[in-house]
$ cat input05.cif   # mmCIF, C-alpha atoms
data_upload
#
loop_
_atom_site.group_PDB
_atom_site.id
_atom_site.type_symbol
_atom_site.label_atom_id
_atom_site.label_comp_id
_atom_site.auth_asym_id
_atom_site.auth_seq_id
_atom_site.Cartn_x
_atom_site.Cartn_y
_atom_site.Cartn_z
ATOM 1 C CA MET A 1 10.947 23.122 2.839
ATOM 2 C CA LYS A 2 10.829 22.837 -0.945
ATOM 3 C CA SER A 3 7.319 22.781 -2.392
ATOM 4 C CA GLU A 4 8.111 19.915 -4.768
ATOM 5 C CA ASN A 5 8.760 17.683 -1.766
ATOM 6 C CA LYS A 6 5.650 18.571 0.220
ATOM 7 C CA ILE A 7 2.935 15.973 0.776
ATOM 8 C CA LEU A 8 -0.616 16.544 1.963
ATOM 9 C CA LEU A 9 -2.266 13.660 3.804
ATOM 10 C CA ILE A 10 -6.062 13.817 4.094
ATOM 11 C CA GLY A 11 -7.663 11.519 6.638
ATOM 12 C CA GLY A 12 -4.678 11.315 8.957
ATOM 13 C CA ARG A 13 -6.794 10.305 11.955
ATOM 14 C CA GLY A 14 -8.039 7.059 10.378
ATOM 15 C CA THR A 15 -6.399 3.631 10.493
ATOM 16 C CA LEU A 16 -4.457 4.041 7.250
ATOM 17 C CA GLY A 17 -3.689 7.727 7.647
ATOM 18 C CA SER A 18 -2.326 7.342 11.169
ATOM 19 C CA SER A 19 -0.242 4.360 10.036
ATOM 20 C CA ILE A 20 1.253 6.456 7.232
ATOM 21 C CA ILE A 21 2.269 9.112 9.750
ATOM 22 C CA LYS A 22 3.709 6.621 12.256
ATOM 23 C CA SER A 23 5.700 4.822 9.555
ATOM 24 C CA LYS A 24 7.826 7.936 8.923
ATOM 25 C CA LEU A 25 8.299 6.694 5.362
ATOM 26 C CA PHE A 26 6.959 9.958 3.985
ATOM 27 C CA LYS A 27 9.018 13.058 4.661
ATOM 28 C CA ASN A 28 7.668 16.633 4.718
ATOM 29 C CA ILE A 29 4.102 15.449 5.214
ATOM 30 C CA ASP A 30 1.268 17.648 6.485
ATOM 31 C CA ALA A 31 -1.837 16.042 7.979
ATOM 32 C CA PRO A 32 -4.335 18.762 8.933
ATOM 33 C CA SER A 33 -7.239 17.851 11.203
ATOM 34 C CA LYS A 34 -10.774 17.626 9.838
ATOM 35 C CA LYS A 35 -11.486 20.924 11.579
ATOM 36 C CA LYS A 36 -8.911 22.594 9.311
ATOM 37 C CA LEU A 37 -9.606 20.534 6.198
ATOM 38 C CA ASN A 38 -13.142 19.270 5.659
ATOM 39 C CA LEU A 39 -13.589 17.978 2.105
ATOM 40 C CA LEU A 40 -17.222 19.089 2.177
ATOM 41 C CA LYS A 41 -15.965 22.700 2.411
ATOM 42 C CA ARG A 42 -14.238 23.809 -0.760
ATOM 43 C CA THR A 43 -12.942 26.943 0.972
ATOM 44 C CA ASP A 44 -10.965 24.678 3.338
ATOM 45 C CA ILE A 45 -9.430 22.807 0.418
ATOM 46 C CA LYS A 46 -8.552 25.991 -1.453
ATOM 47 C CA LYS A 47 -6.863 27.447 1.612
ATOM 48 C CA VAL A 48 -4.791 24.323 2.327
ATOM 49 C CA LEU A 49 -3.663 23.962 -1.304
ATOM 50 C CA LYS A 50 -1.949 27.346 -1.052
ATOM 51 C CA ASN A 51 0.860 25.433 0.662
ATOM 52 C CA LYS A 52 1.786 24.125 -2.799
ATOM 53 C CA TYR A 53 1.894 20.354 -2.434
ATOM 54 C CA SER A 54 3.228 18.092 -5.160
ATOM 55 C CA LEU A 55 1.502 14.955 -3.823
ATOM 56 C CA ILE A 56 -1.819 14.487 -2.050
ATOM 57 C CA ILE A 57 -2.704 11.191 -0.381
ATOM 58 C CA ASN A 58 -6.444 10.986 0.204
ATOM 59 C CA CYS A 59 -7.410 8.441 2.853
ATOM 60 C CA ALA A 60 -10.532 10.308 3.974
ATOM 61 C CA ALA A 61 -13.703 8.224 3.757
ATOM 62 C CA MET A 62 -16.724 6.915 5.552
ATOM 63 C CA ALA A 63 -15.541 3.321 5.441
ATOM 64 C CA ARG A 64 -17.676 1.235 7.796
ATOM 65 C CA MET A 65 -20.090 -0.755 5.653
ATOM 66 C CA LYS A 66 -22.835 -0.887 8.271
ATOM 67 C CA GLU A 67 -22.661 2.855 8.833
ATOM 68 C CA CYS A 68 -22.875 3.485 5.090
ATOM 69 C CA GLU A 69 -25.948 1.249 4.792
ATOM 70 C CA LEU A 70 -27.670 3.015 7.684
ATOM 71 C CA ASN A 71 -26.720 6.502 6.455
ATOM 72 C CA PRO A 72 -26.512 6.364 2.636
ATOM 73 C CA SER A 73 -26.915 10.136 2.231
ATOM 74 C CA LYS A 74 -24.011 10.797 4.570
ATOM 75 C CA ALA A 75 -21.903 8.163 2.809
ATOM 76 C CA ILE A 76 -22.584 9.801 -0.562
ATOM 77 C CA ASN A 77 -21.729 13.239 0.817
ATOM 78 C CA VAL A 78 -18.464 12.175 2.434
ATOM 79 C CA ASN A 79 -17.190 9.656 -0.112
ATOM 80 C CA VAL A 80 -18.514 11.040 -3.389
ATOM 81 C CA PHE A 81 -18.922 14.794 -2.983
ATOM 82 C CA GLY A 82 -15.864 15.041 -0.743
ATOM 83 C CA ALA A 83 -13.711 13.532 -3.491
ATOM 84 C CA LEU A 84 -15.403 15.678 -6.137
ATOM 85 C CA ASN A 85 -14.718 18.858 -4.168
ATOM 86 C CA LEU A 86 -11.069 17.908 -3.810
ATOM 87 C CA VAL A 87 -10.736 17.221 -7.529
ATOM 88 C CA ARG A 88 -12.397 20.518 -8.451
ATOM 89 C CA GLU A 89 -10.069 22.514 -6.246
ATOM 90 C CA ILE A 90 -7.005 20.673 -7.562
ATOM 91 C CA ILE A 91 -8.081 21.512 -11.114
ATOM 92 C CA ASN A 92 -8.624 25.170 -10.168
ATOM 93 C CA TYR A 93 -5.231 25.265 -8.461
ATOM 94 C CA GLU A 94 -3.488 23.770 -11.498
ATOM 95 C CA LYS A 95 -5.119 26.322 -13.801
ATOM 96 C CA ARG A 96 -4.082 29.253 -11.613
ATOM 97 C CA LEU A 97 -0.472 28.232 -11.074
ATOM 98 C CA ASN A 98 0.147 26.044 -14.121
ATOM 99 C CA LYS A 99 1.514 23.420 -11.730
ATOM 100 C CA LYS A 100 0.414 19.794 -11.532
ATOM 101 C CA ILE A 101 -0.460 17.953 -8.346
ATOM 102 C CA LYS A 102 -0.492 14.169 -8.155
ATOM 103 C CA LEU A 103 -3.426 12.716 -6.230
ATOM 104 C CA LEU A 104 -3.034 9.281 -4.689
ATOM 105 C CA HIS A 105 -6.604 8.235 -3.838
ATOM 106 C CA ILE A 106 -7.462 5.227 -1.673
ATOM 107 C CA SER A 107 -10.357 3.239 -3.104
ATOM 108 C CA SER A 108 -11.670 -0.247 -2.351
ATOM 109 C CA ASP A 109 -12.000 -3.787 -3.685
ATOM 110 C CA GLY A 110 -15.702 -3.188 -2.949
ATOM 111 C CA VAL A 111 -16.119 -1.681 -6.415
ATOM 112 C CA TYR A 112 -15.902 -5.214 -7.879
ATOM 113 C CA PRO A 113 -18.807 -7.721 -7.885
ATOM 114 C CA SER A 114 -16.820 -9.767 -5.357
ATOM 115 C CA LEU A 115 -18.231 -13.117 -6.422
ATOM 116 C CA LYS A 116 -15.518 -14.954 -8.380
ATOM 117 C CA GLY A 117 -12.288 -13.195 -7.417
ATOM 118 C CA ASN A 118 -9.100 -12.530 -9.389
ATOM 119 C CA TYR A 119 -10.410 -9.124 -10.484
ATOM 120 C CA SER A 120 -8.116 -7.006 -12.623
ATOM 121 C CA GLU A 121 -8.192 -3.234 -12.949
ATOM 122 C CA ASN A 122 -10.144 -3.693 -16.186
ATOM 123 C CA SER A 123 -12.799 -5.966 -14.698
ATOM 124 C CA LYS A 124 -16.397 -4.788 -14.826
ATOM 125 C CA LEU A 125 -17.393 -2.792 -11.766
ATOM 126 C CA ARG A 126 -20.534 -3.784 -9.871
ATOM 127 C CA PRO A 127 -20.469 -2.749 -6.205
ATOM 128 C CA TYR A 128 -22.417 -5.004 -3.864
ATOM 129 C CA ASN A 129 -23.343 -2.390 -1.244
ATOM 130 C CA ILE A 130 -23.572 1.374 -0.587
ATOM 131 C CA TYR A 131 -19.948 1.713 0.471
ATOM 132 C CA GLY A 132 -18.643 0.163 -2.749
ATOM 133 C CA LEU A 133 -21.026 2.290 -4.802
ATOM 134 C CA THR A 134 -19.753 5.510 -3.247
ATOM 135 C CA LYS A 135 -16.136 4.480 -3.819
ATOM 136 C CA MET A 136 -16.869 3.732 -7.467
ATOM 137 C CA TYR A 137 -18.354 7.184 -8.062
ATOM 138 C CA ALA A 138 -15.486 8.814 -6.181
ATOM 139 C CA GLU A 139 -13.098 7.131 -8.615
ATOM 140 C CA LYS A 140 -14.924 8.724 -11.550
ATOM 141 C CA SER A 141 -14.212 12.165 -10.104
ATOM 142 C CA VAL A 142 -10.536 11.388 -9.520
ATOM 143 C CA MET A 143 -10.146 10.294 -13.137
ATOM 144 C CA LEU A 144 -10.871 13.871 -14.249
ATOM 145 C CA LEU A 145 -7.355 14.806 -13.113
ATOM 146 C CA ASN A 146 -4.175 14.733 -15.188
ATOM 147 C CA LYS A 147 -2.052 12.982 -12.549
ATOM 148 C CA TYR A 148 -3.639 10.438 -10.270
ATOM 149 C CA VAL A 149 -3.284 6.974 -8.822
ATOM 150 C CA ILE A 150 -6.380 5.128 -7.632
ATOM 151 C CA ILE A 151 -5.448 2.325 -5.252
ATOM 152 C CA ARG A 152 -8.068 -0.401 -4.913
ATOM 153 C CA THR A 153 -7.366 -2.253 -1.722
ATOM 154 C CA ASN A 154 -8.657 -3.889 1.452
ATOM 155 C CA PHE A 155 -6.738 -3.657 4.713
ATOM 156 C CA PHE A 156 -6.931 -4.283 8.451
ATOM 157 C CA ASP A 157 -5.021 -3.362 11.587
ATOM 158 C CA LYS A 158 -3.612 -6.430 13.337
ATOM 159 C CA LYS A 159 -3.939 -4.612 16.681
ATOM 160 C CA LYS A 160 -7.653 -3.912 16.234
ATOM 161 C CA ILE A 161 -9.256 -7.245 15.353
ATOM 162 C CA LYS A 162 -12.298 -6.917 17.596
ATOM 163 C CA PHE A 163 -14.580 -9.668 16.323
ATOM 164 C CA LYS A 164 -14.575 -13.208 17.705
ATOM 165 C CA ASN A 165 -15.316 -15.090 14.457
ATOM 166 C CA ALA A 166 -14.087 -14.954 10.865
ATOM 167 C CA ALA A 167 -15.398 -16.712 7.772
ATOM 168 C CA THR A 168 -13.498 -19.567 6.184
ATOM 169 C CA ASP A 169 -15.384 -19.078 2.897
ATOM 170 C CA ILE A 170 -14.905 -15.348 2.310
ATOM 171 C CA TYR A 171 -11.806 -14.689 0.223
ATOM 172 C CA THR A 172 -9.962 -11.404 -0.291
ATOM 173 C CA SER A 173 -6.565 -9.930 -1.098
ATOM 174 C CA MET A 174 -6.686 -8.122 2.230
ATOM 175 C CA LEU A 175 -3.396 -7.039 3.756
ATOM 176 C CA GLU A 176 -2.234 -5.679 7.089
ATOM 177 C CA VAL A 177 -2.159 -1.878 7.134
ATOM 178 C CA GLN A 178 1.591 -1.542 7.750
ATOM 179 C CA SER A 179 2.250 -3.606 4.642
ATOM 180 C CA LEU A 180 -0.113 -1.373 2.673
ATOM 181 C CA VAL A 181 1.757 1.736 3.788
ATOM 182 C CA LYS A 182 5.016 0.325 2.410
ATOM 183 C CA LYS A 183 3.346 -0.457 -0.915
ATOM 184 C CA ILE A 184 1.856 3.036 -1.094
ATOM 185 C CA LYS A 185 5.346 4.440 -0.613
ATOM 186 C CA LEU A 186 6.643 2.381 -3.535
ATOM 187 C CA ILE A 187 3.814 3.574 -5.754
ATOM 188 C CA SER A 188 4.420 7.199 -4.770
ATOM 189 C CA LEU A 189 8.007 6.885 -6.005
ATOM 190 C CA SER A 190 6.930 5.567 -9.409
ATOM 191 C CA ASN A 191 5.779 7.503 -12.474
ATOM 192 C CA PHE A 192 2.639 5.379 -12.724
ATOM 193 C CA SER A 193 -0.706 7.066 -13.295
ATOM 194 C CA GLY A 194 -4.001 5.188 -13.350
ATOM 195 C CA ILE A 195 -5.764 2.482 -11.352
ATOM 196 C CA VAL A 196 -3.913 -0.290 -9.545
ATOM 197 C CA ASN A 197 -4.931 -3.161 -7.284
ATOM 198 C CA VAL A 198 -2.845 -3.371 -4.108
ATOM 199 C CA GLY A 199 -3.128 -6.349 -1.801
ATOM 200 C CA SER A 200 -1.721 -9.716 -0.812
ATOM 201 C CA GLN A 201 -2.152 -13.342 -1.816
ATOM 202 C CA ARG A 202 -5.762 -14.567 -1.898
ATOM 203 C CA LYS A 203 -6.750 -15.950 1.523
ATOM 204 C CA SER A 204 -9.864 -16.513 3.581
ATOM 205 C CA ASN A 205 -10.699 -13.947 6.228
ATOM 206 C CA TYR A 206 -10.177 -16.617 8.843
ATOM 207 C CA ARG A 207 -6.607 -17.341 7.678
ATOM 208 C CA ASN A 208 -5.782 -13.637 7.529
ATOM 209 C CA PHE A 209 -6.959 -12.864 11.042
ATOM 210 C CA LYS A 210 -5.871 -16.133 12.665
ATOM 211 C CA LYS A 211 -2.258 -15.139 12.099
ATOM 212 C CA TYR A 212 -2.669 -12.188 14.477
ATOM 213 C CA LYS A 213 -5.508 -13.322 16.750
ATOM 214 C CA ARG A 214 -4.915 -16.934 17.714
ATOM 215 C CA ASN A 215 -8.208 -17.394 19.565
ATOM 216 C CA ILE A 216 -10.441 -16.288 16.707
ATOM 217 C CA LYS A 217 -13.087 -18.884 15.786
ATOM 218 C CA PRO A 218 -14.026 -20.075 12.285
ATOM 219 C CA CYS A 219 -17.504 -19.496 10.875
ATOM 220 C CA LYS A 220 -19.286 -19.399 7.514
ATOM 221 C CA ARG A 221 -20.294 -16.450 5.364
ATOM 222 C CA ASP A 222 -23.968 -17.364 5.813
ATOM 223 C CA ASP A 223 -23.553 -17.102 9.582
ATOM 224 C CA ILE A 224 -22.422 -13.503 9.193
ATOM 225 C CA ILE A 225 -25.079 -12.576 6.636
ATOM 226 C CA LYS A 226 -27.824 -13.710 9.025
ATOM 227 C CA LYS A 227 -26.767 -10.993 11.445
ATOM 228 C CA LEU A 228 -26.583 -8.231 8.828
ATOM 229 C CA ASN A 229 -29.034 -6.340 6.667
ATOM 230 C CA PHE A 230 -26.615 -5.808 3.785
ATOM 231 C CA ASN A 231 -24.521 -7.832 1.376
ATOM 232 C CA ILE A 232 -20.900 -8.841 1.962
ATOM 233 C CA PRO A 233 -18.302 -10.254 -0.452
ATOM 234 C CA LYS A 234 -17.853 -13.881 -1.357
ATOM 235 C CA ASP A 235 -14.553 -13.591 -3.204
ATOM 236 C CA SER A 236 -13.155 -10.091 -3.787
ATOM 237 C CA SER A 237 -9.578 -11.241 -4.371
ATOM 238 C CA MET A 238 -7.659 -9.192 -6.920
ATOM 239 C CA ASN A 239 -5.144 -9.801 -9.656
ATOM 240 C CA LEU A 240 -1.949 -8.019 -8.555
ATOM 241 C CA GLY A 241 0.013 -8.322 -11.783
ATOM 242 C CA LEU A 242 -0.061 -4.620 -12.592
ATOM 243 C CA PHE A 243 1.194 -3.620 -9.143
ATOM 244 C CA LYS A 244 4.217 -5.886 -9.561
ATOM 245 C CA LYS A 245 5.034 -4.146 -12.837
ATOM 246 C CA VAL A 246 4.576 -0.671 -11.346
ATOM 247 C CA ILE A 247 7.138 -1.188 -8.574
ATOM 248 C CA LYS A 248 9.808 -2.871 -10.708
#

$ encode --input "input05.cif" --output "structure tokens"
Amino acid sequence: MKSENKILLIGGRGTLGSSIIKSKLFKNIDAPSKKKLNLLKRTDIKKVLKNKYSLIINCAAMARMKECELNPSKAINVNVFGALNLVREIINYEKRLNKKIKLLHISSDGVYPSLKGNYSENSKLRPYNIYGLTKMYAEKSVMLLNKYVIIRTNFFDKKKIKFKNAATDIYTSMLEVQSLVKKIKLISLSNFSGIVNVGSQRKSNYRNFKKYKRNIKPCKRDDIIKKLNFNIPKDSSMNLGLFKKVIK
């Protein structure tokens, strides 16, 4: 197996990571378990990088908003310091071997204010909850690298829509995870480096989920907020113009 073709997938047990593996779109991909590669342990990262990967896809994150709100310290450790540790070890690796690694890092539309929508990559960042805040700071670490792609996105698994109601007045550029995997593949084949929004046409959550769960019921954003102790988006839809240019 040639080193220039080797890919390291971090977070292979999660929704996106497991979908990447199942898609078989990425050849020569390694997806070590968390027991073998814990981003909070730099010795783990250093050991794994000895396999000389040319591309790393980082899907690892504490992503449930409620869990992040209840455990902010844990969210900061996993999402911020985990990414920082990875970046530090990549930099050390590149210095030792004089070889560059490209990091493809999965971020979130939660870094935007999520009030008016149509956010571009240059829009002002203002996360509305702990999860978005941790993803924003993780991005800052990733940007210390020479070769990186930060993908701001929002996705769901059509087979795991567990809730009974969805808001008709919450808008996103959310896309189904299998579609996201295909777009990640296209980006990985490009020479692009930087931040890019990846999603679908602006739709309400209700419209997105209704397509796959016919019996889902409509509700309002205020109905959901009443049951939560943290903020949720109003309109986090993204401008996808740059993505279209990247994959041309």

$ closest_residue --input "input05.cif" --among "A:Ile130, A:Ile56, A:Leu40, A:Leu49" --to "Asn71 in chain A" --atoms "only C-alpha atoms"
A:Ile130

$ closest_residue --input "input05.cif" --among "A:Asn129, A:Ser114, A:Ser193, A:Asn154" --to "Phe230 in chain A" --atoms "only C-alpha atoms"
A:Asn129

$ residues_around --input "input05.cif" --residues "Ile7 in chain A" --least-positions-apart "3" --cutoff "6 Å" --atoms "only C-alpha atoms" --output "ChimeraX atom specification"
/A:29,53,55-56

$ closest_residue --input "input05.cif" --among "A:Ile225, A:Leu25, A:Ala138, A:Val198" --to "Ala167 in chain A" --atoms "all atoms listed in the file"
A:Ile225

$ closest_residue --input "input05.cif" --among "A:Pro233, A:Gly241, A:Pro127, A:Pro32" --to "Asn58 in chain A" --atoms "only C-alpha atoms"
A:Pro32

$ resolve_selection --input "input05.cif" --expression "the PyMOL selection byres ((chain A and resi 232) around 10)" --output "PyMOL selection string"
chain A and resi 65+110+114-115+128-129+170+221-222+224-225+228-231+233-236

$ residues_around --input "input05.cif" --residues "Met143 in chain A" --least-positions-apart "2" --cutoff "12 Å" --atoms "all atoms listed in the file" --output "VMD selection string"
chain A and resid 83 to 84 87 to 88 91 102 to 105 136 to 141 145 to 150 193 to 195

$ resolve_selection --input "input05.cif" --expression "the PyMOL selection byres ((chain A and resi 205) around 6)" --output "PyMOL selection string"
chain A and resi 166-167+170+204+206-208

$ atom_distance --input "input05.cif" --atom1 "CA of Leu97 in chain A" --atom2 "CA of Lys50 in chain A"
10.2 Å

$ resolve_selection --input "input05.cif" --expression "the PyMOL selection byres ((chain A and resi 242) around 12)" --output "PyMOL selection string"
chain A and resi 119-122+151-152+187+192-199+238-241+243-248

$ closest_residue --input "input05.cif" --among "A:Phe163, A:Tyr212, A:Tyr112, A:Tyr93" --to "Ser237 in chain A" --atoms "all atoms listed in the file"
A:Tyr112

$ closest_residue --input "input05.cif" --among "A:Arg126, A:Lys99, A:Gly132, A:Lys24" --to "Ser54 in chain A" --atoms "only C-alpha atoms"
A:Lys99

$ residues_around --input "input05.cif" --residues "Lys162 in chain A" --least-positions-apart "5" --cutoff "12 Å" --atoms "only C-alpha atoms" --output "list in words"
Phe156, Asp157, Phe209, Tyr212, Lys213, Asn215 and Ile216 of chain A

$ residues_around --input "input05.cif" --residues "Phe26 in chain A" --least-positions-apart "2" --cutoff "12 Å" --atoms "only C-alpha atoms" --output "number ranges by chain"
A: 5-9, 17, 19-24, 28-31, 55-57, 181-182, 184-186, 188-189

$ write_last_selection --input "input05.cif" --atoms "C-alpha atoms" --output "short mmCIF file (atom, residue, chain, number, x, y, z; two decimals), in the frame of the given file"
data_model
loop_
_atom_site.label_atom_id
_atom_site.label_comp_id
_atom_site.auth_asym_id
_atom_site.auth_seq_id
_atom_site.Cartn_x
_atom_site.Cartn_y
_atom_site.Cartn_z
CA ASN A 5 8.76 17.68 -1.77
CA LYS A 6 5.65 18.57 0.22
CA ILE A 7 2.94 15.97 0.78
CA LEU A 8 -0.62 16.54 1.96
CA LEU A 9 -2.27 13.66 3.80
CA GLY A 17 -3.69 7.73 7.65
CA SER A 19 -0.24 4.36 10.04
CA ILE A 20 1.25 6.46 7.23
CA ILE A 21 2.27 9.11 9.75
CA LYS A 22 3.71 6.62 12.26
CA SER A 23 5.70 4.82 9.56
CA LYS A 24 7.83 7.94 8.92
CA ASN A 28 7.67 16.63 4.72
CA ILE A 29 4.10 15.45 5.21
CA ASP A 30 1.27 17.65 6.48
CA ALA A 31 -1.84 16.04 7.98
CA LEU A 55 1.50 14.96 -3.82
CA ILE A 56 -1.82 14.49 -2.05
CA ILE A 57 -2.70 11.19 -0.38
CA VAL A 181 1.76 1.74 3.79
CA LYS A 182 5.02 0.32 2.41
CA ILE A 184 1.86 3.04 -1.09
CA LYS A 185 5.35 4.44 -0.61
CA LEU A 186 6.64 2.38 -3.54
CA SER A 188 4.42 7.20 -4.77
CA LEU A 189 8.01 6.88 -6.00
#

$ build_atoms --input "input05.cif" --residues "range 192-217 of chain A" --atoms "N, CA and C atoms" --output "compact mmCIF listing (two decimals), in the coordinates of the input"
# COMPACT_ATOMS: atom_id res chain seq x y z
N PHE A 192 3.91 5.97 -12.30
CA PHE A 192 2.64 5.38 -12.72
C PHE A 192 1.48 6.34 -12.49
N SER A 193 0.54 6.33 -13.44
CA SER A 193 -0.71 7.07 -13.30
C SER A 193 -1.83 6.16 -13.77
N GLY A 194 -2.89 6.05 -12.98
CA GLY A 194 -4.00 5.19 -13.35
C GLY A 194 -4.55 4.45 -12.15
N ILE A 195 -5.14 3.30 -12.40
CA ILE A 195 -5.76 2.48 -11.35
C ILE A 195 -4.92 1.24 -11.11
N VAL A 196 -4.71 0.90 -9.85
CA VAL A 196 -3.91 -0.29 -9.54
C VAL A 196 -4.47 -1.01 -8.32
N ASN A 197 -4.55 -2.32 -8.43
CA ASN A 197 -4.93 -3.16 -7.28
C ASN A 197 -3.72 -3.34 -6.38
N VAL A 198 -3.93 -3.18 -5.08
CA VAL A 198 -2.84 -3.37 -4.11
C VAL A 198 -3.35 -4.28 -3.00
N GLY A 199 -2.69 -5.41 -2.83
CA GLY A 199 -3.13 -6.35 -1.80
C GLY A 199 -2.10 -7.44 -1.57
N SER A 200 -2.59 -8.57 -1.09
CA SER A 200 -1.72 -9.72 -0.81
C SER A 200 -2.31 -10.96 -1.47
N GLN A 201 -1.69 -12.08 -1.25
CA GLN A 201 -2.15 -13.34 -1.82
C GLN A 201 -3.58 -13.65 -1.34
N ARG A 202 -4.37 -14.20 -2.21
CA ARG A 202 -5.76 -14.57 -1.90
C ARG A 202 -5.82 -15.52 -0.71
N LYS A 203 -6.57 -15.13 0.33
CA LYS A 203 -6.75 -15.95 1.52
C LYS A 203 -8.16 -15.75 2.06
N SER A 204 -8.59 -16.69 2.89
CA SER A 204 -9.86 -16.51 3.58
C SER A 204 -9.68 -15.50 4.71
N ASN A 205 -10.77 -14.88 5.10
CA ASN A 205 -10.70 -13.95 6.23
C ASN A 205 -10.18 -14.64 7.48
N TYR A 206 -10.60 -15.87 7.66
CA TYR A 206 -10.18 -16.62 8.84
C TYR A 206 -8.66 -16.79 8.87
N ARG A 207 -8.06 -17.16 7.74
CA ARG A 207 -6.61 -17.34 7.68
C ARG A 207 -5.88 -16.02 7.92
N ASN A 208 -6.41 -14.94 7.35
CA ASN A 208 -5.78 -13.64 7.53
C ASN A 208 -5.73 -13.22 8.99
N PHE A 209 -6.87 -13.35 9.67
CA PHE A 209 -6.96 -12.86 11.04
C PHE A 209 -6.36 -13.83 12.06
N LYS A 210 -6.40 -15.12 11.75
CA LYS A 210 -5.87 -16.13 12.66
C LYS A 210 -4.38 -15.91 12.94
N LYS A 211 -3.69 -15.39 11.96
CA LYS A 211 -2.26 -15.14 12.10
C LYS A 211 -1.97 -14.17 13.24
N TYR A 212 -2.89 -13.23 13.48
CA TYR A 212 -2.67 -12.19 14.48
C TYR A 212 -3.54 -12.34 15.72
N LYS A 213 -4.62 -13.10 15.60
CA LYS A 213 -5.51 -13.32 16.75
C LYS A 213 -5.75 -14.83 16.87
N ARG A 214 -4.94 -15.48 17.67
CA ARG A 214 -4.92 -16.93 17.71
C ARG A 214 -6.23 -17.55 18.19
N ASN A 215 -6.98 -16.82 19.00
CA ASN A 215 -8.21 -17.39 19.57
C ASN A 215 -9.45 -17.12 18.74
N ILE A 216 -9.28 -16.56 17.55
CA ILE A 216 -10.44 -16.29 16.71
C ILE A 216 -11.05 -17.60 16.23
N LYS A 217 -12.37 -17.65 16.14
CA LYS A 217 -13.09 -18.88 15.79
C LYS A 217 -13.56 -18.86 14.33
